[in-house]
Every structure is written in structure tokens, then in C-alpha cells.
Amino acid sequence: MDHPRALAALIMFLLFSVGDFTAVPQLRRKSQVTGGLCAHLIQSAGFPCTEHQTKTKDGFLLGLQRVSSRSTIVRGEMGLPVLLIHGLFMAGDAWFMNSASQSLGFILADQGFDVWVGNVRGTHWSHGHVSLSVKNKEFWDWSWQELALYDLAEMIRYVNKITKAKIFVVGHSQGTIMSLAAFTKPDIVDMVKAAALLCPISYLDHITSDFVLGLVKIRLDEVILALGIHQLNFKSNMGTQIMDMMCDGHIHCDIWLSAITGKNCCFNDSRIDFYLEYEPHPSSSKNLHHLFQMIRKGSFAMYDYGMWKNLMRYNRPKPPVFDISQIPTSLPLWMGYGGNDALADAIDVQHTLKGLKSKPDLLYIEEYGHIDFLLSTRAKTDVYDDMIRFFNSVQKVSSFK
């Protein structure tokens with residue numbers, strides 16, 4: 001980037017400012033409205049939805065939603081459970097941002113799947129911690145490592161316990177990082193029937209996003225931690241106002257999004273105002289630092305605390321890797337990735353594929369960017385129909401065993 005320090009200053013304002021403005025922000029998320037995700041987005045579209053809560057081993061209270069078809073006939077023959085795991089700075093609402101005929105959460109429900117929507121710690125639709133406040137720095141002392149081994153593990157366990165069935169897992173972006181890490185653990189993967197990974201990531205050293213690479217270059221993640229900033233929140237008062245200015249017109253917002261994620265061919269920019277009522281959700285500074293470690297080191301490993309702390313935590317000077325060759329070949333995998341994705345680059349996807357012992361079903365779409373797999377107006381025919389075909393084929397094969 002030409003002016004990385006100026007960019008860093010802007011990001012700092014976006015993420016961490018706590019100043020107030022007298023103007024009413026246009027794009028503020030609907031967090032002031034009472035009720036859960038079911039009431040906000042799902043039931044209003046005509047889909048039955050119930051709220052659930054479960055607790056992780058380290059005390060976080062995670063929100064899940066269970067969604068079923070609008071058709072009473074389809075509901076009477078409900079299929080296997082599917083758990084949807086969102087990406088970075090998102091939450092379960094990401095699967096319901098478009099119409100019922102375009103959003104994966106709605107499509108799966110109407111296809112007869114028992115849809116479960118996951119929300120990781122710190123997001124709006126989860127419910128805090130048994131003892132920690134969001135104002136405590138300890139509340140934000142986690143990265144995607146804990147999201148994989150605690151949050152995803154607990155959500156899978158909870159859905160498995162309620163449904164008495166192995167589950168399908170669908171992840172997007174960070175949700176695929178969590179999934180691939182979790183699937184290396186036998187006690188977790190044994191509860192999973194198959195997985196579909198949108199923009200799969202286990203390596204990040206070939207990302208092409210100039211925006212993100214600029215932040216990595218100036219070591220913004222390390223600056224944030226050194227300043228004692230633990231929560232990343234685009235929804236602070238000042239951050240919301242700056243987002244309004246940046247997105248003053250849909251073209252400006254689309255340019256920013258493309259700079260971060262790659263050019264998205266089929267993203268409906270007329271709905272940006274609606275998307276920004278819900279997104280982005282908070283995450284932790286430690287999580288960003290872990291992701292940037294992946295970019296710098298080219299590894300898929302646990303959080304690097306430095307040699308001495310690694311010795312205390314891991315009994316070794318370097319953090320242990322998540323060895324994806326340990327993911328059992330008996331787990332069917334489907335992966336969808338795009339040629340314009342600046343975050344889940346095709347080279348890194350190939351690195352992931354080489355590390356697996358199994359041969360996943362693959363869907364490659366040259367013109368798709370990172371967000372297209374979630375919000376493309378064409379995603380049902382381009383992506384989701386093939387994913388559902390994969391799930392149905394897995395179910396058909398298992399029914400003959």
C-alpha cells in the first residue's frame with residue numbers, strides 16, 4: 001500500500017474509538033432491539049425457529065438457532081442436522097441476509113434439513129460468559145484456536161446430543177479454519193457425518209488482498225495488543241459514523257469490500273445498508289493476531305505466544321501444528337472456492353488439498369470472490385445446489401451401509 005500508516009490510523013478509528021456523536025448513525029446494527037436471531041430475521045420470513053444456548057468448557061454461553069422448513073409436510077420428514085459456522089466479524093445472521101430463495105440457511109431448511117445456526121463467543125447472538133463481562137480483557141483472551149476446540153466442539157456436541165445423529169457441518173472462511181482444526185481431533189470429528197467448506201482456509205501465506213497485506217506489513221495486530229486493546233468492534237459510535245461516511249453510496253462500500261476480500265462478481269450492493277444493520281460483529285485482537293501469524297509464518301498452527309510462553313503452555317518452543325493429514329479419510333468433504341478470492345487464494349487451497357489424505361469434492365468458480373459464496377444472488381444455482389447434491393449423496397451412501 002502507498003500509505004499504510006494512514007490506513008492504520010483509519011482502521012484504529014474504525015475498530016476502537018469510543019467517542020460519541022450526536023447524529024444518529026444510519027448503519028447501526030439492530031442490537032438495541034430485544035429478542036434473538038429467530039425473531040430478528042428468520043421467523044419474519046415464515047420459517048419456524050427456536051433459540052438454544054450451550055456452555056463451552058471455558059464458560060462462554062453460545063447462542064444457537066434451530067430452523068426448519070416453512071412446509072408442514074417437509075417438517076414432518078425432517079432430514080439430518082446441518083450446523084452452519086460463520087466467518088470472521090460475522091455471526092449466524094450471515095446465512096439469512098438475502099431472500100428465502102437465495103440464502104443458504106433458508107434453502108437448506110426448505111430442502112428438509114434440520115438447520116442449526118452457530119454463533120461464536122463475542123458475537124451479538126451469543127450470550128456472554130458465566131462470570132466475565134465484555135469489559136474484562138480476559139473475556140477477549142482467545143483466538144480461532146479456542147473457537148475451534150471449544151466453541152465448535154461444544155456446538156457439535158450439543159446438536160449431536162439433541163438430535164441423536166451425526167451432523168453435516170458447513171463453514172465459511174474462518175468457519176473453515178475452525179472446522180479443519182477441529183476435525184483433526186477424533187472426539188470431535190466422530191460426531192460429524194460430512195462437511196462442506198466455502199472458501200476453505202488452513203493456510204494464508206498466499207493471500208492477495210493488498211488491504212490485509214498492508215496491515216500485516218505495518219504489524220497493526222501487534223500494535224493493537226501493545227496498546228492494550230482486546231476487543232475489535234466496528235460498531236463503536238465513532239466507528240459506525242466512519243463506516244457511514246465510507247459507504248456514502250454503495251459504490252464506495254463495494255470498493256472497500258473488494259479491496260479486502262477480492263472482487264465479488266454477484267454481490268447485491270443494493271442491500272449493503274441492510275447487511276450493515278447486522279454486520280460486522282466483534283472479534284478479539286488476539287484472534288486477528290493469530291490470523292496474521294498464519295500469513296507471516298505460512299503455517300496452520302496453534303497461537304504462538306513466543307518461545308518461553310510456548311514452553312509453558314505447549315511444552316515446546318514452537319506451537320503445535322494442526323495436522324490436517326489426521327482428518328480421517330472416512331469423513332466426506334466438499335469444498336467451494338473462487339478465482340477472485342483474495343483471502344482464500346487458490347494456491348493456499350491447493351496446499352490444503354495436498355495435506356489431506358482424502359479427495360474432497362471440489363467446486364471452482366473463476367469469477368467468484370470471497371463474499372460471493374455467501375451473498376451472491378446466483379449462489380443457489382452456482383454453489384448451493386451442488387453442495388446439497390453432495391449431502392444427499394452422502395446420506396444415500398450411508399443408508400445402504
# chains A, B, ... in the order shown; residues from 1 in each chain; ligands from 1
call {"tool": "select_by_dssp", "arguments": {"residues": "stretch 258-308 of chain A", "states": "strand (DSSP E or B)", "output": "PyMOL selection string"}}
result
chain A and resi 267+283-284+301
call {"tool": "closest_atom_pairs", "arguments": {"of": "stretch 270-316 of chain A", "to": "stretch 215-228 of chain A", "cutoff": "7 Å", "atoms": "only C-alpha atoms", "output": "JSON lines"}}
result
{"residue": "A:Ser285", "atom": "CA", "partner": "A:Leu225", "partner_atom": "CA", "distance": 6.6}
{"residue": "A:Leu288", "atom": "CA", "partner": "A:Asp221", "partner_atom": "CA", "distance": 6.4}
{"residue": "A:His289", "atom": "CA", "partner": "A:Asp221", "partner_atom": "CA", "distance": 5.1}
{"residue": "A:Phe292", "atom": "CA", "partner": "A:Val216", "partner_atom": "CA", "distance": 6.3}
call {"tool": "residues_around", "arguments": {"residues": "A:Arg121", "least_positions_apart": "3", "cutoff": "9 Å", "atoms": "only C-alpha atoms", "output": "VMD selection string"}}
result
chain A and resid 60 to 63 124 to 129 140 147 151 283
call {"tool": "residues_around", "arguments": {"residues": "A:Gly175", "least_positions_apart": "5", "cutoff": "8 Å", "atoms": "only C-alpha atoms", "output": "ChimeraX atom specification"}}
result
/A:85-88,170
call {"tool": "closest_residue", "arguments": {"among": "A:Tyr278, A:Ala100, A:Gly171, A:Ile327", "to": "A:Asp187", "atoms": "only C-alpha atoms"}}
result
A:Ile327
call {"tool": "residues_around", "arguments": {"residues": "A:Phe267", "least_positions_apart": "4", "cutoff": "12 Å", "atoms": "only C-alpha atoms", "output": "list in words"}}
result
Met97, Asn98, Gln102, His250, Ile251, Cys253, Asp254, Ile255, Leu257, Ser258, Thr261, Gly262, Lys263, Arg271, Ile272, Tyr275, Glu367, Tyr368, Gly369, His370, Ile371, Asp372, Phe373, Leu374, Leu375, Ser376, Thr377, Arg378 and Ala379 of chain A
call {"tool": "residues_around", "arguments": {"residues": "stretch 354-364 of chain A", "least_positions_apart": "6", "cutoff": "6 Å", "atoms": "only C-alpha atoms", "output": "PyMOL selection string"}}
result
chain A and resi 324-325+329+333-338
call {"tool": "write_last_selection", "arguments": {"atoms": "C-alpha atoms", "output": "compact mmCIF listing (two decimals), in the first residue's frame"}}
result
# COMPACT_ATOMS: atom_id res chain seq x y z
CA ILE A 324 -4.84 -31.96 8.57
CA SER A 325 -3.50 -35.32 7.40
CA THR A 329 -10.49 -40.33 5.09
CA LEU A 333 -15.54 -33.31 2.33
CA TRP A 334 -16.83 -30.81 -0.23
CA MET A 335 -15.03 -27.53 -0.96
CA GLY A 336 -16.06 -24.49 -2.98
CA TYR A 337 -13.55 -21.78 -3.88
CA GLY A 338 -13.19 -18.91 -6.33
call {"tool": "closest_residue", "arguments": {"among": "A:Val321, A:Val67, A:Val82, A:Val115", "to": "A:Phe300", "atoms": "only C-alpha atoms"}}
result
A:Val321
call {"tool": "select_by_dssp", "arguments": {"residues": "stretch 23-206 of chain A", "states": "helix (DSSP H, G or I)", "output": "PyMOL selection string"}}
result
chain A and resi 30-32+37-45+72-75+92-96+104-110+137-140+144-163+174-182+186-189
call {"tool": "closest_residue", "arguments": {"among": "A:Met307, A:Leu84, A:Ala346, A:Val159", "to": "A:His206", "atoms": "only C-alpha atoms"}}
result
A:Ala346
call {"tool": "residues_around", "arguments": {"residues": "A:Leu149", "least_positions_apart": "2", "cutoff": "8 Å", "atoms": "only C-alpha atoms", "output": "number ranges by chain"}}
result
A: 145-147, 151-153, 178, 181-182
call {"tool": "write_last_selection", "arguments": {"atoms": "N, CA and C atoms", "output": "tab-separated table (two decimals), in the first residue's frame"}}
result
chain	number	residue	atom	x	y	z
A	145	GLN	N	-8.26	-20.65	17.64
A	145	GLN	CA	-7.92	-21.92	18.28
A	145	GLN	C	-8.99	-22.33	19.28
A	146	GLU	N	-9.40	-21.38	20.13
A	146	GLU	CA	-10.47	-21.66	21.09
A	146	GLU	C	-11.83	-21.79	20.39
A	147	LEU	N	-12.03	-21.02	19.32
A	147	LEU	CA	-13.27	-21.13	18.57
A	147	LEU	C	-13.43	-22.54	18.00
A	151	ASP	N	-15.61	-23.73	21.06
A	151	ASP	CA	-16.92	-23.30	20.56
A	151	ASP	C	-17.51	-24.31	19.57
A	152	LEU	N	-16.77	-24.60	18.51
A	152	LEU	CA	-17.28	-25.53	17.52
A	152	LEU	C	-17.48	-26.92	18.12
A	153	ALA	N	-16.53	-27.34	18.94
A	153	ALA	CA	-16.65	-28.65	19.59
A	153	ALA	C	-17.92	-28.73	20.42
A	178	MET	N	-11.81	-23.08	11.62
A	178	MET	CA	-12.28	-23.77	12.82
A	178	MET	C	-12.57	-25.23	12.53
A	181	ALA	N	-9.37	-27.40	11.80
A	181	ALA	CA	-8.64	-27.63	13.05
A	181	ALA	C	-9.37	-28.63	13.94
A	182	ALA	N	-10.68	-28.44	14.08
A	182	ALA	CA	-11.46	-29.32	14.96
A	182	ALA	C	-11.49	-30.75	14.45
call {"tool": "closest_residue", "arguments": {"among": "A:Lys166, A:Lys185, A:Lys318, A:His172", "to": "A:Ser398", "atoms": "only C-alpha atoms"}}
result
A:Lys166
call {"tool": "closest_residue", "arguments": {"among": "A:Asn119, A:Arg389, A:Gln111, A:Leu353", "to": "A:Val74", "atoms": "only C-alpha atoms"}}
result
A:Gln111
call {"tool": "atom_distance", "arguments": {"atom1": "atom CA of A:Pro320", "atom2": "atom CA of A:Ser299"}}
result
10.1 Å
call {"tool": "closest_residue", "arguments": {"among": "A:Asp273, A:Asp114, A:Glu154, A:Glu138", "to": "A:Leu80", "atoms": "only C-alpha atoms"}}
result
A:Asp114
